[in-house]
Amino acid sequence: MSEQSQMKNVPSVKDITKVEDKNSSFVRLALLMKPYVGKLLICMAAVLIVNLSELLKPFVAEIVIDRFLVGHEEQHGLYSITGMGILYFLVAALGAAFSMTQVRLIARISQSILNDMRRRVFDKILHMNMKTLDSYGTGRLITRATNDVETVNEFYSDVFLNLFKDVFLLLGIVVVMLIMDARLALVAFSGIPVIAALTVSMKKVIKANFKKMKQIVGHINGFFSENMSGMRIVQAFKKEEDKLREFRELNAAYYKTTFTQVLLNSFLRPVMEIINSLIIALLVAYGYNRISGGMLEVGVLYAFTNYVKQFFNPINDLAEKYTTIEGALVSTDRIYEVLDEKGIEDMEAGSHRGQVKGVVEFKDVWFAYNGEDWVLKGVSFKVEKGQRVAFVGHTGAGKTTIINLISRYYSVNKGQILVDGVPVEEWNLEDLRRGVSTVMQDVFLFTGDVADNMDMHAELSEQRMEEALKIAAAEPFVEDMGGIHIPVSEQGLNFSTGQRQLLSFARAIAHEPAILVLDEATAHIDTNTEELVQQSIENISQGRTSIFIAHRLSTIRGCDRIFVLSGGVIAEQGNHEELLKQQGIYYGLVAAQMKDE
C-alpha cells in the first residue's frame with residue numbers, strides 16, 4: 001500500500017480527540033458576544049425603547065376609541081384626538097430612531113465576532129499537525145472556514161439583529177395583555193402549545209437534514225479543489241465526462257437536501273399564519289359576546305387584535321428563519337470541532353534551543369500512519385554532519401516518511417530520532433525546522449512575487465535571495481522575466497514545471513539550512529538544467545548534511561552512503577560502487593533505469 005493511501009485511511013478526527021467543552025451550540029454563540037457586553041447593554045436599552053413604542057401605539061388607539069369615539073369624553077389640549085395623533089407620531093418616530101441605532105450596533109458586533117471567528121479558524125488550521133490535517137481533508141476544512149462561517153454570519157446578520165427586539169416584544173405584549181384583560185390574554189395564548197409542539201417535532205428533522213447538507217458541501221468543496229488542481233490529468237486522460245457524472249451525483253444530493261430545507265421552511269410560515277388567524281377569530285367571537293354583555297370595551301378588543309398580530313409577527317419571523325437558526329447551530333458545532341482540536345503543533349514546545357548542526361540518527365524507528373500498518377519497521381542509521389546520503393526504493397517503501405519524521409511533521413510510534421544527539425521531541429520546533437529545508441517533487445508556489453516565495457516572511461536580504469537564485473541556476477530566467485519581484489500567479493502556473501522546481505530549490509538554499517533534503521527534486525528538470533543544478537548542489541552541500549530521495553543515477557551516484565528501503569526496512573546500504581557489486585535491489589533499480597534510458 002502506498003504512503004498516500006495509508007494517509008487517507010487515517011481515522012476520523014472524532015477518533016483522535018473528543019471535544020471537552022459540553023456547552024450547547026447556542027451558549028457558544030452567546031459566549032462569543034462576551035467582549036461586547038457594553039455595546040450589547042446599549043442595544044438592550046434601545047430595544048426596550050423600540051418595543052415600548054410598539055406597545056404604546058395600540059394603547060393610544062384604544063384611548064381614542066373608548067374615550068373619545070365611544071365614550072364621548074371632553075377633549076382639551078393634548079387630551080384629544082389631535083393630541084393622541086401627535087403622541088402616536090412621536091412614539092413611532094422615537095421607535096424608528098432607536099431601531100436604527102440598535103441595528104447598527106448589532107451589525108457592528110456581529111461582524112466583529114465573525115471577523116474574529118474567521119481569524120481563529122484559519123489560525124487553528126495553520127497550526128494543525130499533519131496527522132490531523134490528513135484526517136480532516138481539504139474539503140472539510142474549506143467548508144468550515146467558508147460555508148460554516150458564512151452560515152453563522154447569516155444568523156447574526158439576518159436573525160440575531162431582530163432577536164433582542166422579538167424576545168422583549170413578546171414579553172412586553174404578554175404583560176400588557178394580562179394587565180388589560182386576563183381572560184382575553186388566555187384566549188390569545190391558546191395557540192402557544194400548538195406552536196411549541198410543532199417546533200419541537202420539526203427541530204430534529206431540520207437539524208438532521210442540515211447536517212447532511214453540510215457534509216455534501218464538504219464533499220463538493222473537496223471535489224472542486226482536487227479536480228481544479230488535477231485538471232491537466234483529467235483532460236489528458238479524457239475523463240471530463242466521468243468527472244462531470246461524479247459531480248452531477250454530488251450536485252443532485254445537494255439539491256435534494258436543500259430542496260428539503262425549503263419545503264420545511266415553507267411549511268412553517270403558512271402554519272403560523274393559520275394559527276394567527278384562528279386566534280384572532282377566537283378573540284373576535286369571545287370579545288363580541290363580552291362587549292354585548294357590557295363587560296368589554298371596543299377599544300380593548302381592537303388593541304388586543306393588534307397585540308395578537310404583533311405577538312405572532314416575531315413568531316412568524318422566527319419560524320421563517322428557523323432553518324437559519326438550526327443551520328447556525330450545526331455550523332457552530334462544526335466550527336468548534338476545529339477550534340477544539342487538540343492535534344496542534346506548538347512551535348514553542350521543546351526545551352532545546354539553538355542552531356541545527358546537521359547530525360541525524362534513527363534508532364530502531366517504527367512508524368505507521370494507521371494502526372499497525374507499518375511503513376517503517378525498526379529503521380536505524382546515522383548521517384554525520386556534511387555527509388551526502390540517499391534513500392532509494394520502490395514507491396511506498398517509506399522514503400518520504402523518513403524526511404517527514406526528521407522535521408517532526410509526524411511522531412514515531414516506537415524508537416527514537418536524534419538531531420545533533422538530541423531527540424527531535426526535545427527540540428524547539430521552530431529551531432528544528434529552521435535548520436531543515438526540503439525541496440519536494442511537487443512544487444507549490446504562492447500568489448505574490450518571486451521574492452515573497454523565497455523569503456516566506458524570514459526578512460531575507462535581496463542580496464541573499466539573488467545569490468540563492470544564482471546557485472540554483474534560476475537567475476537567468478528570473479532576470480529575463482524582470483527580476484525577483486516578477487509576479488507569481490496562482491500555484492506558479494506562469495512558470496514552467498522546471499522553472500518552478502528551480503525556484504523551490506533557490507528558496508531552500510536562501511534559508512541556509514544545516515540539513516538539505518531533496519525529495520525527487522530533479523524529477524522535472526531537463527538534462528541541460530540538471531547539469532547546472534548538480535553543480536549548484538556541489539556548491540551548497542559543502543558543510544551541510546544533504547539527504548536525497550531520487551531515482552536518477554546522476555543525483556545519487558556521488559553520495560557518501562545510499563540506503564535501499566524495501567518493505568519498511570533498510571535492505572542494503574553502501575556507496576554506489578559497493579551496492580552495484582552486491583547485485584541486489586539497488587543493482588536491479590540501476591539496471592532498470594539504464595534500460596529505460
# chains A, B, ... in the order shown; residues from 1 in each chain; ligands from 1
call {"tool": "residues_around", "arguments": {"residues": "region 494-511 of chain A", "least_positions_apart": "6", "cutoff": "7 Å", "atoms": "only C-alpha atoms", "output": "list in words"}}
result
Ser437, Thr438, Val439, Val443, Met454, Arg464, Met465, Ala468, Leu469, Ala472, Ala474, Val488, His524 and Ile525 of chain A
call {"tool": "atom_distance", "arguments": {"atom1": "CA of Val27 (chain A)", "atom2": "CA of Lys207 (chain A)"}}
result
17.0 Å
call {"tool": "select_by_dssp", "arguments": {"residues": "region 340-413 of chain A", "states": "strand (DSSP E)", "output": "ChimeraX atom specification"}}
result
/A:360-368,374-383,388-393
call {"tool": "residues_around", "arguments": {"residues": "Arg557 (chain A)", "least_positions_apart": "3", "cutoff": "12 Å", "atoms": "only C-alpha atoms", "output": "list in words"}}
result
Arg388, Val389, Ala390, Phe391, Val392, Gln534, Phe548, Ala550, His551, Arg552, Leu553, Ser554, Asp560, Arg561, Ile562, Gly574, Asn575, His576, Glu577, Glu578, Leu579, Leu580, Tyr586 and Val590 of chain A
call {"tool": "closest_residue", "arguments": {"among": "A:Val47, A:Met128, A:Val121, A:Val70", "to": "Asp346 (chain A)", "atoms": "only C-alpha atoms"}}
result
A:Met128
call {"tool": "select_by_dssp", "arguments": {"residues": "region 89-178 of chain A", "states": "alpha helix (DSSP H)", "output": "PyMOL selection string"}}
result
chain A and resi 89-126+130-136+138-143+149-154+161-178
call {"tool": "closest_residue", "arguments": {"among": "A:Ile275, A:Val103, A:Val338, A:Ala303", "to": "Thr143 (chain A)", "atoms": "only C-alpha atoms"}}
result
A:Val338
call {"tool": "closest_residue", "arguments": {"among": "A:Ala252, A:Leu126, A:Leu178, A:Leu264", "to": "Ser201 (chain A)", "atoms": "only C-alpha atoms"}}
result
A:Leu264
call {"tool": "closest_residue", "arguments": {"among": "A:Ile109, A:Leu184, A:Ile125, A:Ile49", "to": "Arg290 (chain A)", "atoms": "only C-alpha atoms"}}
result
A:Leu184
call {"tool": "atom_distance", "arguments": {"atom1": "CA of Gly287 (chain A)", "atom2": "CA of Asn313 (chain A)"}}
result
21.7 Å
